[in-house]
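Structure file entry.tsv; described as TSV, C-alpha atoms.
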```
chain	number	residue	atom	x	y	z
A	1	MET	CA	13.43	121.83	65.89
A	2	VAL	CA	14.68	118.50	67.26
A	3	ARG	CA	17.87	118.06	65.18
A	4	THR	CA	20.25	120.61	63.70
A	5	PRO	CA	21.50	120.40	60.05
A	6	SER	CA	25.01	119.15	59.37
A	7	ASP	CA	26.12	122.78	59.27
A	8	PRO	CA	24.25	124.51	62.11
A	9	ALA	CA	25.35	127.92	60.83
A	10	VAL	CA	22.98	127.70	57.84
A	11	THR	CA	20.02	128.11	60.19
A	12	ARG	CA	20.96	131.81	60.47
A	13	SER	CA	19.44	132.34	57.02
A	14	VAL	CA	16.14	131.04	58.36
A	15	LEU	CA	16.34	131.96	62.05
A	16	PRO	CA	18.58	134.99	62.60
A	17	ARG	CA	20.31	134.50	65.99
A	18	SER	CA	23.25	136.05	67.78
A	19	ARG	CA	25.01	132.67	67.88
A	20	PRO	CA	24.71	129.34	66.03
A	21	ILE	CA	22.30	126.72	67.29
A	22	THR	CA	24.04	123.80	69.03
A	23	PRO	CA	22.73	120.32	69.87
A	24	HIS	CA	22.62	121.42	73.54
A	25	ASP	CA	19.87	123.93	72.64
A	26	LEU	CA	17.55	121.17	71.41
A	27	PRO	CA	14.67	120.72	71.43
A	28	LEU	CA	14.16	124.33	70.40
A	29	VAL	CA	10.92	126.17	69.82
A	30	THR	CA	11.48	128.22	66.68
A	31	ARG	CA	8.11	129.88	66.36
A	32	VAL	CA	4.97	130.18	68.47
A	33	THR	CA	1.92	131.10	66.40
A	34	ASP	CA	-1.79	130.52	66.35
A	35	ASN	CA	-1.67	130.19	62.55
A	36	LEU	CA	-1.01	126.61	61.53
A	37	GLU	CA	-0.05	127.58	57.94
A	38	VAL	CA	2.67	129.92	59.23
A	39	ALA	CA	3.99	127.11	61.41
A	40	HIS	CA	4.15	124.75	58.43
A	41	ALA	CA	5.92	127.42	56.35
A	42	THR	CA	8.59	127.89	59.02
A	43	ALA	CA	9.03	124.13	59.35
A	44	ALA	CA	9.44	123.81	55.59
A	45	ARG	CA	12.21	126.42	55.48
A	46	LEU	CA	14.11	124.66	58.29
A	47	ARG	CA	13.76	121.28	56.59
A	48	GLU	CA	15.17	122.74	53.36
A	49	VAL	CA	18.46	123.55	55.14
A	50	GLY	CA	18.62	120.05	56.69
A	51	ALA	CA	17.02	120.52	60.15
A	52	LYS	CA	14.52	118.08	61.64
A	53	VAL	CA	11.35	119.80	62.76
A	54	VAL	CA	8.08	118.75	64.39
A	55	ILE	CA	4.95	120.82	64.74
A	56	VAL	CA	3.33	120.61	68.19
A	57	GLU	CA	-0.16	121.87	68.90
A	58	GLU	CA	-0.88	123.27	72.34
A	59	PRO	CA	-3.62	121.57	74.46
A	60	THR	CA	-6.86	123.46	74.44
A	61	GLY	CA	-7.50	123.11	78.19
A	62	ARG	CA	-6.96	126.15	80.41
A	63	GLY	CA	-3.66	126.12	82.22
A	64	GLU	CA	-2.24	123.31	80.08
A	65	THR	CA	0.86	123.76	77.97
A	66	ALA	CA	3.37	121.75	76.00
A	67	PHE	CA	6.18	124.13	76.94
A	68	CYS	CA	8.24	124.48	80.11
A	69	ALA	CA	6.91	127.03	82.56
A	70	ILE	CA	10.46	128.16	83.40
A	71	HIS	CA	12.05	127.82	79.95
A	72	PRO	CA	9.31	128.75	77.43
A	73	ALA	CA	11.52	127.80	74.49
A	74	GLN	CA	11.75	124.19	75.75
A	75	PHE	CA	9.19	121.42	75.46
A	76	SER	CA	7.95	120.16	78.78
A	77	ALA	CA	9.02	116.64	79.63
A	78	ARG	CA	7.10	116.16	82.88
A	79	GLN	CA	5.04	117.94	85.48
A	80	CYS	CA	6.47	119.17	88.78
A	81	SER	CA	5.71	116.51	91.38
A	82	ARG	CA	4.54	119.19	93.81
A	83	CYS	CA	2.83	122.02	91.96
A	84	GLU	CA	2.25	120.14	88.65
A	85	ALA	CA	3.79	122.94	86.58
A	86	ALA	CA	5.25	121.91	83.20
A	87	ILE	CA	9.00	121.33	83.44
A	88	CYS	CA	11.67	120.47	80.89
A	89	PRO	CA	14.76	118.25	81.16
A	90	GLY	CA	16.77	121.36	82.07
A	91	CYS	CA	14.59	121.92	85.14
A	92	ILE	CA	15.09	118.31	86.20
A	93	ALA	CA	18.85	118.70	85.76
A	94	ASP	CA	18.82	121.92	87.82
A	95	ALA	CA	16.93	120.02	90.56
A	96	ARG	CA	19.63	117.31	90.58
A	97	GLY	CA	17.37	114.74	89.03
A	98	ALA	CA	14.24	115.51	91.06
A	99	PRO	CA	11.03	116.20	89.07
A	100	LEU	CA	10.63	119.68	90.54
A	101	CYS	CA	10.28	123.15	89.14
A	102	ARG	CA	12.70	125.87	90.22
A	103	ALA	CA	10.38	127.34	92.87
A	104	CYS	CA	9.54	123.98	94.47
A	105	TRP	CA	13.19	122.91	94.38
A	106	THR	CA	14.22	126.15	96.12
A	107	ARG	CA	11.55	125.72	98.79
A	108	ARG	CA	12.60	122.10	99.38
A	109	GLU	CA	16.26	123.08	99.70
A	110	GLU	CA	15.36	125.82	102.19
A	111	ARG	CA	13.36	123.35	104.30
A	112	LEU	CA	16.18	120.78	104.16
A	113	ARG	CA	18.67	123.46	105.15
A	114	ALA	CA	16.48	124.52	108.06
A	115	THR	CA	16.10	120.87	109.10
A	116	ARG	CA	19.85	120.33	108.98
A	117	ILE	CA	20.40	123.43	111.10
A	118	ARG	CA	17.86	122.19	113.67
A	119	GLN	CA	19.47	118.74	113.68
A	120	LEU	CA	22.90	120.26	114.14
A	121	PHE	CA	21.60	122.41	116.99
A	122	ALA	CA	19.95	119.38	118.61
A	123	LEU	CA	23.20	117.44	118.23
A	124	LEU	CA	25.15	120.24	119.88
A	125	VAL	CA	22.64	120.36	122.75
A	126	PHE	CA	22.83	116.57	123.10
A	127	VAL	CA	26.64	116.65	123.16
A	128	ALA	CA	26.53	119.37	125.80
A	129	PHE	CA	24.06	117.26	127.78
A	130	LEU	CA	26.34	114.21	127.53
A	131	TYR	CA	29.27	116.34	128.65
A	132	LYS	CA	27.31	117.52	131.69
A	133	VAL	CA	26.20	113.96	132.46
A	134	TRP	CA	29.76	112.67	132.09
A	135	ASP	CA	31.05	115.50	134.27
A	136	HIS	CA	28.39	114.69	136.88
A	137	LEU	CA	29.28	110.99	136.77
A	138	LYS	CA	32.97	111.80	137.24
A	139	GLU	CA	32.19	114.07	140.18
A	140	ASP	CA	29.89	111.42	141.64
A	141	ALA	CA	32.51	108.69	141.27
A	142	ALA	CA	35.19	110.96	142.72
A	143	GLN	CA	32.99	111.69	145.71
A	144	VAL	CA	32.18	108.03	146.40
A	145	GLN	CA	35.71	106.74	145.79
A	146	GLY	CA	37.65	109.73	147.09
A	147	THR	CA	37.95	111.19	150.55
A	148	VAL	CA	34.89	113.44	150.56
A	149	PRO	CA	32.35	112.45	153.27
A	150	ILE	CA	29.47	110.32	152.03
A	151	THR	CA	26.13	111.38	153.44
A	152	ILE	CA	23.36	108.78	153.57
A	153	GLY	CA	19.91	110.30	153.86
A	154	ILE	CA	17.42	107.82	155.34
A	155	VAL	CA	13.85	109.05	154.80
A	156	GLN	CA	11.10	106.99	156.43
A	157	PHE	CA	7.46	106.69	155.39
A	158	ALA	CA	4.74	104.84	157.29
A	159	PRO	CA	0.93	104.68	157.00
A	160	LYS	CA	-1.12	106.25	159.73
A	161	SER	CA	-2.17	102.78	160.90
A	162	ALA	CA	1.49	101.99	161.68
A	163	GLU	CA	1.83	104.61	164.43
A	164	GLY	CA	3.43	103.02	167.44
A	165	ALA	CA	4.60	99.89	165.58
A	166	GLN	CA	7.32	98.15	167.58
A	167	ILE	CA	9.77	97.82	164.67
A	168	ILE	CA	9.57	101.58	163.99
A	169	ARG	CA	10.29	102.37	167.65
A	170	GLN	CA	13.20	99.93	167.75
A	171	LEU	CA	14.89	101.26	164.64
A	172	ASN	CA	14.50	104.90	165.70
A	173	GLN	CA	15.55	104.64	169.34
A	174	ALA	CA	18.74	106.38	170.46
A	175	SER	CA	21.86	104.21	170.44
A	176	ALA	CA	23.62	103.35	173.65
A	177	ASN	CA	27.16	104.57	174.37
A	178	GLU	CA	28.45	101.38	172.77
A	179	PRO	CA	26.97	100.74	169.31
A	180	THR	CA	24.30	98.09	169.50
A	181	GLY	CA	23.94	97.62	165.75
A	182	GLN	CA	20.16	97.55	166.08
A	183	THR	CA	19.12	101.11	165.17
A	184	LEU	CA	19.26	103.31	162.11
A	185	ARG	CA	21.80	105.53	163.85
A	186	ASP	CA	24.26	102.61	163.90
A	187	VAL	CA	24.42	102.38	160.10
A	188	ALA	CA	27.04	105.14	159.78
A	189	ASP	CA	29.26	103.63	162.51
A	190	TRP	CA	29.08	100.21	160.86
A	191	PHE	CA	30.05	101.55	157.41
A	192	ASN	CA	32.88	103.59	158.93
A	193	ARG	CA	34.29	100.55	160.76
A	194	GLU	CA	34.13	98.38	157.63
A	195	HIS	CA	35.67	101.12	155.47
A	196	ALA	CA	38.52	101.58	157.98
A	197	ARG	CA	39.11	97.81	158.04
A	198	TYR	CA	40.05	97.90	154.36
A	199	THR	CA	41.56	101.37	154.01
A	200	ALA	CA	42.96	102.09	157.51
A	201	ASP	CA	41.16	105.45	157.18
A	202	LYS	CA	40.03	106.38	160.68
A	203	ASP	CA	38.06	109.44	159.55
A	204	ARG	CA	34.31	109.23	159.70
A	205	ARG	CA	33.79	108.86	155.96
A	206	PHE	CA	30.09	107.96	156.24
A	207	ARG	CA	27.42	110.11	157.84
A	208	VAL	CA	23.75	109.32	158.22
A	209	GLU	CA	20.83	111.74	158.51
A	210	ILE	CA	17.48	110.25	159.52
A	211	ARG	CA	14.24	111.97	158.56
A	212	GLY	CA	10.75	110.89	159.50
A	213	PRO	CA	8.90	108.66	159.72
A	214	PHE	CA	6.39	110.72	157.78
A	215	THR	CA	2.77	109.61	157.67
A	216	VAL	CA	2.25	108.67	154.03
A	217	ASP	CA	0.41	105.86	152.28
A	218	VAL	CA	3.13	105.01	149.79
A	219	GLU	CA	1.94	103.78	146.40
A	220	PRO	CA	5.02	103.74	144.16
A	221	PRO	CA	4.65	103.32	140.39
A	222	THR	CA	5.14	99.86	138.92
A	223	LEU	CA	8.82	99.24	138.32
A	224	ARG	CA	8.28	96.78	135.46
A	225	ASN	CA	5.53	94.98	133.58
A	226	ASP	CA	5.68	91.96	131.34
A	227	GLY	CA	5.72	93.03	127.71
A	228	ASP	CA	7.24	96.47	128.34
A	229	THR	CA	9.26	97.89	125.47
A	230	TRP	CA	12.78	99.08	126.21
A	231	PHE	CA	11.53	102.66	126.24
A	232	GLN	CA	8.74	101.83	128.72
A	233	ALA	CA	11.23	99.98	130.91
A	234	MET	CA	13.57	102.97	130.89
A	235	PHE	CA	10.73	105.35	131.68
A	236	ARG	CA	9.58	103.22	134.61
A	237	ALA	CA	13.15	102.99	135.91
A	238	TRP	CA	13.30	106.81	135.83
A	239	GLN	CA	9.79	107.32	137.22
A	240	TYR	CA	10.25	105.02	140.24
A	241	PRO	CA	12.92	107.03	142.13
A	242	GLN	CA	11.31	110.32	141.08
A	243	TYR	CA	8.17	109.30	142.97
A	244	PHE	CA	10.07	108.83	146.23
A	245	LYS	CA	12.13	111.97	145.75
A	246	GLY	CA	8.91	113.89	145.23
A	247	LEU	CA	7.50	112.56	148.52
A	248	ALA	CA	10.66	113.64	150.32
A	249	ARG	CA	10.54	117.14	148.85
A	250	ASP	CA	6.85	117.42	149.79
A	251	HIS	CA	7.94	116.95	153.43
A	252	GLY	CA	10.73	119.50	153.24
A	253	VAL	CA	13.61	117.02	152.91
A	254	PRO	CA	16.54	118.36	150.78
A	255	ILE	CA	16.90	114.94	149.20
A	256	ASP	CA	19.35	116.02	146.48
A	257	ASP	CA	21.88	117.08	149.13
A	258	TYR	CA	22.57	113.46	150.07
A	259	THR	CA	25.14	111.29	148.33
A	260	VAL	CA	22.98	108.20	148.83
A	261	LYS	CA	19.20	108.52	149.08
A	262	VAL	CA	17.52	105.75	151.09
A	263	PHE	CA	13.75	105.47	151.47
A	264	VAL	CA	12.46	103.14	154.19
A	265	VAL	CA	8.83	102.16	153.67
A	266	TYR	CA	6.93	100.56	156.57
A	267	GLY	CA	3.71	98.70	155.91
A	268	GLY	CA	2.12	95.35	155.25
A	269	HIS	CA	2.42	92.18	157.22
A	270	SER	CA	4.12	89.87	154.74
A	271	PRO	CA	7.40	88.33	155.95
A	272	ASP	CA	8.70	88.76	152.40
A	273	MET	CA	8.45	92.57	152.32
A	274	ALA	CA	12.22	92.95	152.02
A	275	SER	CA	12.19	91.23	148.62
A	276	HIS	CA	10.62	94.39	147.16
A	277	SER	CA	13.65	96.46	148.20
A	278	ARG	CA	15.84	97.94	145.49
A	279	GLY	CA	19.17	99.72	145.20
A	280	SER	CA	20.80	101.32	142.16
A	281	LYS	CA	24.13	102.95	141.46
A	282	LYS	CA	22.32	105.24	139.00
A	283	GLY	CA	21.29	108.20	141.09
A	284	ARG	CA	22.65	106.53	144.27
A	285	PHE	CA	19.11	105.50	145.14
A	286	ALA	CA	17.73	102.75	147.43
A	287	THR	CA	14.39	101.63	148.86
A	288	ALA	CA	13.92	99.24	151.78
A	289	PHE	CA	10.49	97.78	152.60
A	290	VAL	CA	9.87	96.71	156.19
A	291	SER	CA	6.99	94.58	157.45
A	292	LEU	CA	5.09	95.92	160.45
A	293	ASP	CA	5.24	92.43	161.97
A	294	GLU	CA	9.05	92.34	161.90
A	295	ARG	CA	10.48	91.53	165.34
A	296	ASN	CA	14.16	91.39	164.46
A	297	PRO	CA	15.54	94.92	163.91
A	298	GLY	CA	18.75	93.46	162.47
A	299	TYR	CA	16.90	92.21	159.38
A	300	PRO	CA	15.70	95.63	158.08
A	301	LEU	CA	19.11	97.08	158.97
A	302	VAL	CA	20.95	94.53	156.84
A	303	THR	CA	18.40	95.18	154.08
A	304	ILE	CA	19.14	98.91	154.23
A	305	ALA	CA	22.91	98.33	154.31
A	306	HIS	CA	22.61	95.85	151.41
A	307	GLU	CA	20.71	98.35	149.23
A	308	VAL	CA	23.19	101.10	150.12
A	309	GLY	CA	25.87	98.67	148.95
A	310	HIS	CA	24.08	98.49	145.57
A	311	ALA	CA	23.91	102.30	145.46
A	312	LEU	CA	27.69	102.40	146.01
A	313	GLY	CA	28.32	99.92	143.20
A	314	ALA	CA	28.40	96.51	144.90
A	315	ASN	CA	26.78	93.48	143.25
A	316	ASP	CA	24.72	90.66	144.76
A	317	ALA	CA	26.72	87.75	146.19
A	318	TYR	CA	23.88	85.25	146.54
A	319	ASP	CA	22.29	82.78	144.14
A	320	PRO	CA	19.03	84.32	142.82
A	321	GLU	CA	17.43	80.87	142.56
A	322	THR	CA	18.19	79.61	146.08
A	323	SER	CA	19.00	82.94	147.84
A	324	LEU	CA	22.04	81.16	149.36
A	325	SER	CA	25.43	82.85	149.58
A	326	VAL	CA	27.70	82.20	146.62
A	327	HIS	CA	31.10	80.77	147.48
A	328	PRO	CA	33.64	82.34	147.73
A	329	GLU	CA	32.43	85.95	147.14
A	330	GLY	CA	29.40	85.60	149.40
A	331	PHE	CA	31.49	84.34	152.34
A	332	VAL	CA	33.44	86.66	154.63
A	333	GLU	CA	35.80	83.78	155.54
A	334	PRO	CA	35.68	81.63	152.39
A	335	PHE	CA	38.72	79.51	153.33
A	336	ALA	CA	37.90	78.79	156.97
A	337	ASP	CA	38.46	75.19	158.00
A	338	PRO	CA	35.87	73.98	158.68
A	339	LEU	CA	33.91	76.25	156.32
A	340	TYR	CA	30.74	76.07	158.42
A	341	PRO	CA	29.45	77.72	160.44
A	342	GLN	CA	30.60	81.13	159.26
A	343	ARG	CA	30.89	83.83	161.91
A	344	TYR	CA	29.52	86.65	159.77
A	345	ALA	CA	27.07	87.46	157.01
A	346	GLU	CA	28.49	89.18	153.91
A	347	LEU	CA	26.93	92.55	153.02
A	348	MET	CA	25.78	91.53	149.54
A	349	ALA	CA	24.74	87.99	150.58
A	350	VAL	CA	22.71	89.13	153.64
A	351	ASP	CA	22.56	85.94	155.79
A	352	ILE	CA	25.12	83.92	157.79
A	353	PRO	CA	25.96	80.54	156.17
A	354	VAL	CA	25.91	77.92	158.94
A	355	GLY	CA	25.63	74.81	156.75
A	356	PRO	CA	25.72	73.78	153.07
A	357	ASN	CA	22.06	74.78	152.64
A	358	VAL	CA	21.29	76.57	155.88
A	359	GLU	CA	21.62	80.29	156.66
A	360	TRP	CA	20.61	82.45	159.64
A	361	GLU	CA	19.42	86.04	159.82
A	362	ILE	CA	21.65	88.49	161.62
A	363	ALA	CA	20.34	90.12	164.80
A	364	ARG	CA	22.86	93.01	164.95
A	365	LEU	CA	25.02	94.88	162.46
A	366	ASP	CA	28.19	93.62	164.15
A	367	GLN	CA	27.34	90.22	162.66
A	368	LEU	CA	27.66	91.74	159.17
A	369	ARG	CA	30.88	92.29	157.23
A	370	VAL	CA	31.92	93.62	153.81
A	371	GLY	CA	33.65	90.91	151.78
A	372	HIS	CA	36.66	91.58	149.57
A	373	GLN	CA	34.68	91.49	146.32
A	374	SER	CA	32.10	93.96	147.65
A	375	ALA	CA	34.89	96.21	148.91
A	376	ALA	CA	36.42	96.17	145.42
A	377	ASP	CA	33.03	96.88	143.80
A	378	MET	CA	32.62	99.94	146.02
A	379	GLY	CA	36.14	101.17	145.25
A	380	TRP	CA	37.58	100.61	148.72
A	381	ILE	CA	40.33	98.33	147.43
A	382	PRO	CA	41.73	97.60	143.94
A	383	PRO	CA	40.09	94.70	142.06
A	384	GLU	CA	43.47	92.96	141.94
A	385	GLN	CA	43.56	92.83	145.74
A	386	ALA	CA	40.17	91.10	145.85
A	387	LYS	CA	41.22	88.66	143.13
A	388	LEU	CA	44.39	87.85	145.06
A	389	PHE	CA	42.37	87.21	148.21
A	390	TYR	CA	40.21	84.61	146.46
A	391	THR	CA	43.20	82.93	144.76
A	392	PRO	CA	44.48	79.90	146.70
A	393	PRO	CA	48.23	80.01	147.46
A	394	ALA	CA	50.48	78.37	144.87
A	395	VAL	CA	52.10	75.02	145.61
A	396	THR	CA	55.80	75.46	146.42
A	397	PRO	CA	58.51	73.44	144.63
A	398	GLU	CA	59.24	71.55	147.86
A	399	GLU	CA	55.61	70.47	148.09
A	400	ARG	CA	55.87	68.95	144.61
A	401	LEU	CA	58.83	66.70	145.57
A	402	ASP	CA	58.37	62.97	145.94
A	403	PRO	CA	58.39	62.05	149.66
A	404	ALA	CA	61.34	59.69	149.04
A	405	THR	CA	63.53	62.51	147.71
A	406	ARG	CA	62.21	65.36	149.87
A	407	PRO	CA	64.77	66.80	152.32
A	408	ASP	CA	64.23	65.97	155.99
A	409	ASP	CA	63.70	69.61	156.88
A	410	ALA	CA	61.15	70.17	154.07
A	411	PRO	CA	57.50	70.62	155.08
A	412	PRO	CA	55.26	67.60	154.57
A	413	THR	CA	53.55	67.29	151.22
A	414	PRO	CA	49.87	68.19	151.57
A	415	ALA	CA	47.43	65.37	151.04
A	416	ASN	CA	45.14	65.54	148.01
```
Can you present the structure in this file as structure tokens?
Amino acid sequence: MVRTPSDPAVTRSVLPRSRPITPHDLPLVTRVTDNLEVAHATAARLREVGAKVVIVEEPTGRGETAFCAIHPAQFSARQCSRCEAAICPGCIADARGAPLCRACWTRREERLRATRIRQLFALLVFVAFLYKVWDHLKEDAAQVQGTVPITIGIVQFAPKSAEGAQIIRQLNQASANEPTGQTLRDVADWFNREHARYTADKDRRFRVEIRGPFTVDVEPPTLRNDGDTWFQAMFRAWQYPQYFKGLARDHGVPIDDYTVKVFVVYGGHSPDMASHSRGSKKGRFATAFVSLDERNPGYPLVTIAHEVGHALGANDAYDPETSLSVHPEGFVEPFADPLYPQRYAELMAVDIPVGPNVEWEIARLDQLRVGHQSAADMGWIPPEQAKLFYTPPAVTPEERLDPATRPDDAPPTPAN
């Protein structure tokens, strides 16, 4: 039956039921029989009372049916999209519009529920991980910018062929009573002096431990390749320091105990070895590459100090195109008159500016200074203090007066 009569109650005379048939029950299977004449007789009786009836013959194929597998009194409207069972509009409504039978809908909901639980668990783990990372970053920042001693671990690697190289002997010799600024042992004294110059803190804030040189042919992974995706670039950035940390652990160095981890790699004969050096605030990690032909111990020392500056948060103060110090941040005395020659090299600019386009290498660490911007980057002074240092003094009202009206005791007006 596909339509009820105007008075649905009259169907009780034909189809005795406990309750009247409503339009919501339609379509309704009134009789299932293998006798076609009986089906026609039933249909005729229903039509006499005003109902609309159709006679549907079942398919002859095995497993095929015109009726819903879940609601046998309902015609099937579609097949389940998963198991291909016959389903009626009621099944589709129960599955919230999806063409699924009850069993497949239940299984799908259980899988979705399990997936949501796994996603929620992963989210909770990720949040916990972020909390630990944030906590670690806060502790790391507090250690670097607080009063806790900063330990710099300098781990040296050199190939077997470099045994006895002059630059290795020079950098590892014992310092004299007065700091010479030409050995690795002088790095801590230099950082302590510069830190005290800005903070007036006379405590030895920086300590250096020197390990090695260990005989190793260092072959670090490639840091970047053209065409890398962002994920590959991130993986390489993670893999690079892990390689050096692994070498240190292989030689019994407790590398994770140091605030700043510095790896000095000797080898090669190119004068441009230092350009491969790197320093990163992430992980407080630095590498310094030193040519075996280097004759000036001050140059690898300033390279090491420069990369430690990066590990402590300082940024480069030289032009990447020309490698010349940027004015004013790359100058220790940016307002000296005359400007050249400068007396010192700035930590994050490396060389001493002696002319508009001429710079000299330092020979000793006492020729190197930390500029105000680098001190602010490393948290030694507030950024406002550095900004004030680089801001020229304001012109006073007296200096703006016309010479004809300026009082006799007023200072002379500066020339333009």
- [ ] Can you work out the spacing between atom CA of A:Ala77 and atom CA of A:Asn35 in Å, to one decimal?
- [x] 24.3 Å
- [ ] Could you tell me how far atom CA of A:Arg116 lies from atom CA of A:Ile92, in Å and to one decimal?
- [x]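 The value is 23.4 Å.
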- [ ] Might you pull out every residue within 12 Å of A:Gln239, with only C-alpha atoms counted and same-chain residues fewer than 3 positions away left off, and present them as a PyMOL selection string?
- [x] chain A and resi 220-224+232-236+242-246
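With only C-alpha atoms as the atoms that count, the minimum distance from A:Thr180 to the choices A:Leu247, A:Val354, A:Ala93, A:Leu365 is reached by A:Leu365.
Take atom CA of A:Ala386 and atom CA of A:Ala345: the distance between them is 17.6 Å.
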